[in-house]
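Reading through the structure tokens given below for one structure.
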Amino acid sequence: MLHGLLWFPLLIAFIWLAWAGWNEYQKLEAYRVWAAQFDRAKYDIYAVLGQKDDTLTWGKPTRSGPVELQQFSLTQVTQCEVQAGDLPVDPNHPPKGDRNVTLAFHLRDQRRIQIPFTELALALQWHTFLQQEIKRFQAKSIENLS
């Protein structure tokens, strides 16, 4: 009986780990279905992000699909930067460690949007890509006005 009592916490831990794994699998499957509509997308435990043409959409991942979805146009962005904590990150000299990494956007209507990332390297990759996209779409919108 003593051996059974010693193994019981291990059994509880195994059941909890199995549930956590199944929960994360359900989130990934819901994300996969959601991400199919985008040209480029990312998933992590903090946020999902998708880009289709000049529109960025992001929200929180759940088992039933992303929730609290928000979006904006890249043509409205005045500044885009990666932040670690509350400090801007120099892409050429990133700090060591990942701490409260966000991709921050400043929009023309004075809104400031922060999308959380778990990894600094991934945030820097998205920053580089989106900087090019912002320039491309803003040049395109200027060209259409002419």
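Labeling convention for the structure tokens: chains A, B, ... as they appear, residues from 1 per chain, ligands from 1 in order of appearance.
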
Taking only residues of stretch 14-79 of chain A that have an atom at most 7 Å from an atom of stretch 99-121 of chain A, what is each one's shortest atom pair and its distance in Å to one decimal, using only C-alpha atoms, in chain and number order, as CSV?
```
residue,atom,partner,partner_atom,distance
A:Asp44,CA,A:Thr118,CA,6.7
A:Tyr46,CA,A:Pro116,CA,6.1
A:Ala47,CA,A:Pro116,CA,6.2
A:Gln76,CA,A:Leu107,CA,5.4
A:Val77,CA,A:Leu107,CA,4.5
A:Thr78,CA,A:Leu107,CA,5.4
A:Gln79,CA,A:His106,CA,5.1
```

Self-check item: 12 Å contact set for A:Trp34, only C-alpha atoms, chain neighbours under 6 positions out, as a ChimeraX atom specification
Solution: /A:27-28,40-43,48-51,57-67,69

Filtered DSSP result for stretch 19-146 of chain A, state strand (DSSP E or B), as a PDB file with N, CA, C and O atoms, in the first residue's frame:
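Output saved as result.pdb:
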```pdb
ATOM      1  N   ARG A  40       1.301  34.671 -44.665  1.00  0.00           N
ATOM      2  CA  ARG A  40       2.359  34.398 -43.684  1.00  0.00           C
ATOM      3  C   ARG A  40       1.710  34.417 -42.306  1.00  0.00           C
ATOM      4  O   ARG A  40       0.876  35.274 -42.030  1.00  0.00           O
ATOM      5  N   ALA A  41       2.099  33.477 -41.454  1.00  0.00           N
ATOM      6  CA  ALA A  41       1.482  33.407 -40.129  1.00  0.00           C
ATOM      7  C   ALA A  41       2.485  32.886 -39.107  1.00  0.00           C
ATOM      8  O   ALA A  41       3.460  32.222 -39.465  1.00  0.00           O
ATOM      9  N   LYS A  42       2.229  33.188 -37.825  1.00  0.00           N
ATOM     10  CA  LYS A  42       3.069  32.666 -36.744  1.00  0.00           C
ATOM     11  C   LYS A  42       2.185  32.281 -35.573  1.00  0.00           C
ATOM     12  O   LYS A  42       1.130  32.850 -35.344  1.00  0.00           O
ATOM     13  N   TYR A  43       2.654  31.273 -34.842  1.00  0.00           N
ATOM     14  CA  TYR A  43       1.964  30.808 -33.640  1.00  0.00           C
ATOM     15  C   TYR A  43       2.972  30.731 -32.511  1.00  0.00           C
ATOM     16  O   TYR A  43       4.085  30.241 -32.697  1.00  0.00           O
ATOM     17  N   VAL A  48      -1.158  34.677 -31.850  1.00  0.00           N
ATOM     18  CA  VAL A  48      -1.101  34.244 -33.237  1.00  0.00           C
ATOM     19  C   VAL A  48      -1.085  35.514 -34.080  1.00  0.00           C
ATOM     20  O   VAL A  48      -1.628  36.541 -33.688  1.00  0.00           O
ATOM     21  N   LEU A  49      -0.440  35.439 -35.228  1.00  0.00           N
ATOM     22  CA  LEU A  49      -0.302  36.593 -36.092  1.00  0.00           C
ATOM     23  C   LEU A  49      -0.395  36.124 -37.530  1.00  0.00           C
ATOM     24  O   LEU A  49       0.217  35.113 -37.892  1.00  0.00           O
ATOM     25  N   GLY A  50      -1.178  36.816 -38.329  1.00  0.00           N
ATOM     26  CA  GLY A  50      -1.298  36.473 -39.737  1.00  0.00           C
ATOM     27  C   GLY A  50      -1.235  37.716 -40.597  1.00  0.00           C
ATOM     28  O   GLY A  50      -1.752  38.771 -40.220  1.00  0.00           O
ATOM     29  N   GLN A  51      -0.601  37.585 -41.764  1.00  0.00           N
ATOM     30  CA  GLN A  51      -0.510  38.692 -42.702  1.00  0.00           C
ATOM     31  C   GLN A  51      -1.087  38.268 -44.035  1.00  0.00           C
ATOM     32  O   GLN A  51      -0.710  37.237 -44.589  1.00  0.00           O
ATOM     33  N   LYS A  52      -2.047  39.031 -44.532  1.00  0.00           N
ATOM     34  CA  LYS A  52      -2.646  38.822 -45.845  1.00  0.00           C
ATOM     35  C   LYS A  52      -2.626  40.162 -46.547  1.00  0.00           C
ATOM     36  O   LYS A  52      -3.245  41.126 -46.086  1.00  0.00           O
ATOM     37  N   THR A  55      -2.771  43.638 -44.641  1.00  0.00           N
ATOM     38  CA  THR A  55      -3.489  43.564 -43.369  1.00  0.00           C
ATOM     39  C   THR A  55      -2.835  42.571 -42.411  1.00  0.00           C
ATOM     40  O   THR A  55      -2.549  41.443 -42.792  1.00  0.00           O
ATOM     41  N   LEU A  56      -2.592  43.026 -41.193  1.00  0.00           N
ATOM     42  CA  LEU A  56      -2.103  42.154 -40.126  1.00  0.00           C
ATOM     43  C   LEU A  56      -3.263  41.856 -39.186  1.00  0.00           C
ATOM     44  O   LEU A  56      -3.995  42.756 -38.790  1.00  0.00           O
ATOM     45  N   THR A  57      -3.403  40.587 -38.824  1.00  0.00           N
ATOM     46  CA  THR A  57      -4.437  40.148 -37.896  1.00  0.00           C
ATOM     47  C   THR A  57      -3.754  39.373 -36.790  1.00  0.00           C
ATOM     48  O   THR A  57      -2.881  38.553 -37.058  1.00  0.00           O
ATOM     49  N   TRP A  58      -4.139  39.632 -35.540  1.00  0.00           N
ATOM     50  CA  TRP A  58      -3.554  38.901 -34.428  1.00  0.00           C
ATOM     51  C   TRP A  58      -4.593  38.685 -33.342  1.00  0.00           C
ATOM     52  O   TRP A  58      -5.617  39.342 -33.295  1.00  0.00           O
ATOM     53  N   GLY A  59      -4.294  37.709 -32.486  1.00  0.00           N
ATOM     54  CA  GLY A  59      -5.181  37.398 -31.384  1.00  0.00           C
ATOM     55  C   GLY A  59      -4.529  36.392 -30.453  1.00  0.00           C
ATOM     56  O   GLY A  59      -3.341  36.073 -30.592  1.00  0.00           O
ATOM     57  N   LYS A  60      -5.321  35.861 -29.526  1.00  0.00           N
ATOM     58  CA  LYS A  60      -4.812  34.886 -28.557  1.00  0.00           C
ATOM     59  C   LYS A  60      -5.220  33.487 -29.005  1.00  0.00           C
ATOM     60  O   LYS A  60      -6.371  33.273 -29.384  1.00  0.00           O
ATOM     61  N   VAL A  67      -8.903  33.977 -30.496  1.00  0.00           N
ATOM     62  CA  VAL A  67      -9.930  34.880 -29.973  1.00  0.00           C
ATOM     63  C   VAL A  67      -9.335  36.276 -29.815  1.00  0.00           C
ATOM     64  O   VAL A  67      -8.125  36.459 -29.936  1.00  0.00           O
ATOM     65  N   GLU A  68     -10.198  37.236 -29.541  1.00  0.00           N
ATOM     66  CA  GLU A  68      -9.799  38.637 -29.376  1.00  0.00           C
ATOM     67  C   GLU A  68      -9.012  39.113 -30.596  1.00  0.00           C
ATOM     68  O   GLU A  68      -7.984  39.787 -30.470  1.00  0.00           O
ATOM     69  N   LEU A  69      -9.497  38.747 -31.785  1.00  0.00           N
ATOM     70  CA  LEU A  69      -8.806  39.110 -33.020  1.00  0.00           C
ATOM     71  C   LEU A  69      -8.908  40.603 -33.280  1.00  0.00           C
ATOM     72  O   LEU A  69      -9.957  41.212 -33.101  1.00  0.00           O
ATOM     73  N   GLN A  70      -7.789  41.167 -33.693  1.00  0.00           N
ATOM     74  CA  GLN A  70      -7.708  42.575 -34.062  1.00  0.00           C
ATOM     75  C   GLN A  70      -6.923  42.654 -35.362  1.00  0.00           C
ATOM     76  O   GLN A  70      -6.150  41.752 -35.685  1.00  0.00           O
ATOM     77  N   GLN A  71      -7.105  43.731 -36.091  1.00  0.00           N
ATOM     78  CA  GLN A  71      -6.340  43.887 -37.327  1.00  0.00           C
ATOM     79  C   GLN A  71      -6.119  45.356 -37.654  1.00  0.00           C
ATOM     80  O   GLN A  71      -6.815  46.233 -37.152  1.00  0.00           O
ATOM     81  N   PHE A  72      -5.111  45.592 -38.501  1.00  0.00           N
ATOM     82  CA  PHE A  72      -4.831  46.926 -39.012  1.00  0.00           C
ATOM     83  C   PHE A  72      -4.093  46.796 -40.326  1.00  0.00           C
ATOM     84  O   PHE A  72      -3.581  45.738 -40.676  1.00  0.00           O
ATOM     85  N   SER A  73      -4.044  47.893 -41.055  1.00  0.00           N
ATOM     86  CA  SER A  73      -3.382  47.915 -42.356  1.00  0.00           C
ATOM     87  C   SER A  73      -1.943  48.395 -42.199  1.00  0.00           C
ATOM     88  O   SER A  73      -1.670  49.337 -41.451  1.00  0.00           O
ATOM     89  N   VAL A  77       0.913  52.296 -40.731  1.00  0.00           N
ATOM     90  CA  VAL A  77       2.034  52.235 -39.784  1.00  0.00           C
ATOM     91  C   VAL A  77       3.001  53.385 -40.027  1.00  0.00           C
ATOM     92  O   VAL A  77       3.442  53.617 -41.150  1.00  0.00           O
ATOM     93  N   THR A  78       3.335  54.105 -38.956  1.00  0.00           N
ATOM     94  CA  THR A  78       4.355  55.152 -39.047  1.00  0.00           C
ATOM     95  C   THR A  78       5.700  54.657 -38.535  1.00  0.00           C
ATOM     96  O   THR A  78       6.737  55.144 -38.944  1.00  0.00           O
ATOM     97  N   GLN A  79       5.661  53.691 -37.607  1.00  0.00           N
ATOM     98  CA  GLN A  79       6.903  53.137 -37.055  1.00  0.00           C
ATOM     99  C   GLN A  79       6.653  51.711 -36.582  1.00  0.00           C
ATOM    100  O   GLN A  79       5.593  51.402 -36.056  1.00  0.00           O
ATOM    101  N   CYS A  80       7.663  50.868 -36.778  1.00  0.00           N
ATOM    102  CA  CYS A  80       7.603  49.474 -36.330  1.00  0.00           C
ATOM    103  C   CYS A  80       8.923  49.179 -35.631  1.00  0.00           C
ATOM    104  O   CYS A  80       9.991  49.487 -36.173  1.00  0.00           O
ATOM    105  N   GLU A  81       8.854  48.594 -34.429  1.00  0.00           N
ATOM    106  CA  GLU A  81      10.073  48.275 -33.705  1.00  0.00           C
ATOM    107  C   GLU A  81       9.884  47.044 -32.833  1.00  0.00           C
ATOM    108  O   GLU A  81       8.754  46.711 -32.452  1.00  0.00           O
ATOM    109  N   VAL A  82      10.980  46.384 -32.533  1.00  0.00           N
ATOM    110  CA  VAL A  82      10.972  45.264 -31.596  1.00  0.00           C
ATOM    111  C   VAL A  82      11.377  45.821 -30.244  1.00  0.00           C
ATOM    112  O   VAL A  82      12.307  46.628 -30.150  1.00  0.00           O
ATOM    113  N   GLN A  83      10.672  45.390 -29.199  1.00  0.00           N
ATOM    114  CA  GLN A  83      10.987  45.841 -27.859  1.00  0.00           C
ATOM    115  C   GLN A  83      11.231  44.641 -26.959  1.00  0.00           C
ATOM    116  O   GLN A  83      10.568  43.624 -27.070  1.00  0.00           O
ATOM    117  N   ALA A  84      12.195  44.787 -26.070  1.00  0.00           N
ATOM    118  CA  ALA A  84      12.456  43.800 -25.022  1.00  0.00           C
ATOM    119  C   ALA A  84      12.241  44.538 -23.712  1.00  0.00           C
ATOM    120  O   ALA A  84      12.959  45.487 -23.411  1.00  0.00           O
ATOM    121  N   LEU A  87      12.123  48.632 -23.718  1.00  0.00           N
ATOM    122  CA  LEU A  87      13.189  49.286 -24.463  1.00  0.00           C
ATOM    123  C   LEU A  87      13.248  48.787 -25.904  1.00  0.00           C
ATOM    124  O   LEU A  87      13.126  47.586 -26.150  1.00  0.00           O
ATOM    125  N   PRO A  88      13.459  49.695 -26.859  1.00  0.00           N
ATOM    126  CA  PRO A  88      13.617  49.268 -28.253  1.00  0.00           C
ATOM    127  C   PRO A  88      14.876  48.420 -28.419  1.00  0.00           C
ATOM    128  O   PRO A  88      15.877  48.628 -27.731  1.00  0.00           O
ATOM    129  N   VAL A 101       9.222  40.184 -24.983  1.00  0.00           N
ATOM    130  CA  VAL A 101       9.489  40.638 -26.344  1.00  0.00           C
ATOM    131  C   VAL A 101       8.174  40.978 -27.032  1.00  0.00           C
ATOM    132  O   VAL A 101       7.220  40.196 -26.989  1.00  0.00           O
ATOM    133  N   THR A 102       8.113  42.155 -27.636  1.00  0.00           N
ATOM    134  CA  THR A 102       6.926  42.558 -28.390  1.00  0.00           C
ATOM    135  C   THR A 102       7.342  43.197 -29.705  1.00  0.00           C
ATOM    136  O   THR A 102       8.435  43.751 -29.828  1.00  0.00           O
ATOM    137  N   LEU A 103       6.458  43.090 -30.666  1.00  0.00           N
ATOM    138  CA  LEU A 103       6.597  43.805 -31.927  1.00  0.00           C
ATOM    139  C   LEU A 103       5.624  44.971 -31.822  1.00  0.00           C
ATOM    140  O   LEU A 103       4.410  44.761 -31.693  1.00  0.00           O
ATOM    141  N   ALA A 104       6.153  46.191 -31.771  1.00  0.00           N
ATOM    142  CA  ALA A 104       5.332  47.371 -31.519  1.00  0.00           C
ATOM    143  C   ALA A 104       5.132  48.166 -32.805  1.00  0.00           C
ATOM    144  O   ALA A 104       6.078  48.382 -33.562  1.00  0.00           O
ATOM    145  N   PHE A 105       3.898  48.577 -33.028  1.00  0.00           N
ATOM    146  CA  PHE A 105       3.527  49.378 -34.195  1.00  0.00           C
ATOM    147  C   PHE A 105       2.922  50.684 -33.725  1.00  0.00           C
ATOM    148  O   PHE A 105       2.074  50.696 -32.834  1.00  0.00           O
ATOM    149  N   HIS A 106       3.347  51.780 -34.342  1.00  0.00           N
ATOM    150  CA  HIS A 106       2.756  53.094 -34.108  1.00  0.00           C
ATOM    151  C   HIS A 106       1.966  53.427 -35.367  1.00  0.00           C
ATOM    152  O   HIS A 106       2.530  53.433 -36.462  1.00  0.00           O
ATOM    153  N   LEU A 107       0.667  53.725 -35.193  1.00  0.00           N
ATOM    154  CA  LEU A 107      -0.198  53.981 -36.340  1.00  0.00           C
ATOM    155  C   LEU A 107      -0.491  55.465 -36.475  1.00  0.00           C
ATOM    156  O   LEU A 107      -0.315  56.239 -35.535  1.00  0.00           O
ATOM    157  N   ARG A 112      -1.162  52.609 -30.570  1.00  0.00           N
ATOM    158  CA  ARG A 112       0.092  51.864 -30.414  1.00  0.00           C
ATOM    159  C   ARG A 112      -0.293  50.419 -30.159  1.00  0.00           C
ATOM    160  O   ARG A 112      -1.005  50.114 -29.205  1.00  0.00           O
ATOM    161  N   ILE A 113       0.165  49.537 -31.021  1.00  0.00           N
ATOM    162  CA  ILE A 113      -0.202  48.127 -30.934  1.00  0.00           C
ATOM    163  C   ILE A 113       1.042  47.322 -30.607  1.00  0.00           C
ATOM    164  O   ILE A 113       2.088  47.508 -31.238  1.00  0.00           O
ATOM    165  N   GLN A 114       0.926  46.430 -29.627  1.00  0.00           N
ATOM    166  CA  GLN A 114       2.039  45.565 -29.247  1.00  0.00           C
ATOM    167  C   GLN A 114       1.599  44.113 -29.365  1.00  0.00           C
ATOM    168  O   GLN A 114       0.610  43.714 -28.749  1.00  0.00           O
ATOM    169  N   ILE A 115       2.351  43.343 -30.135  1.00  0.00           N
ATOM    170  CA  ILE A 115       2.064  41.929 -30.324  1.00  0.00           C
ATOM    171  C   ILE A 115       3.176  41.147 -29.638  1.00  0.00           C
ATOM    172  O   ILE A 115       4.346  41.292 -29.987  1.00  0.00           O
ATOM    173  N   PRO A 116       2.835  40.319 -28.638  1.00  0.00           N
ATOM    174  CA  PRO A 116       3.863  39.596 -27.881  1.00  0.00           C
ATOM    175  C   PRO A 116       4.461  38.434 -28.669  1.00  0.00           C
ATOM    176  O   PRO A 116       3.786  37.781 -29.465  1.00  0.00           O
ATOM    177  N   PHE A 117       5.736  38.185 -28.430  1.00  0.00           N
ATOM    178  CA  PHE A 117       6.476  37.066 -29.002  1.00  0.00           C
ATOM    179  C   PHE A 117       7.196  36.338 -27.875  1.00  0.00           C
ATOM    180  O   PHE A 117       7.595  36.961 -26.897  1.00  0.00           O
TER     181      PHE A 117
END
```

Exercise. Could you tell me which of A:Pro91, A:Lys140, A:Trp19, A:Pro9 comes closest to A:Thr128 if we count only C-alpha atoms?
Key: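 Nearest to A:Thr128: A:Pro91.
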
Quiz item: Residues of chain A in helix (DSSP H, G or I) according to DSSP, as an MDAnalysis selection string?
Solution: chainID A and resid 2:35 74:76 120:145

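Across the structure, atom CA of A:Val33 and atom CA of A:Leu130 are spaced 22.9 Å apart.
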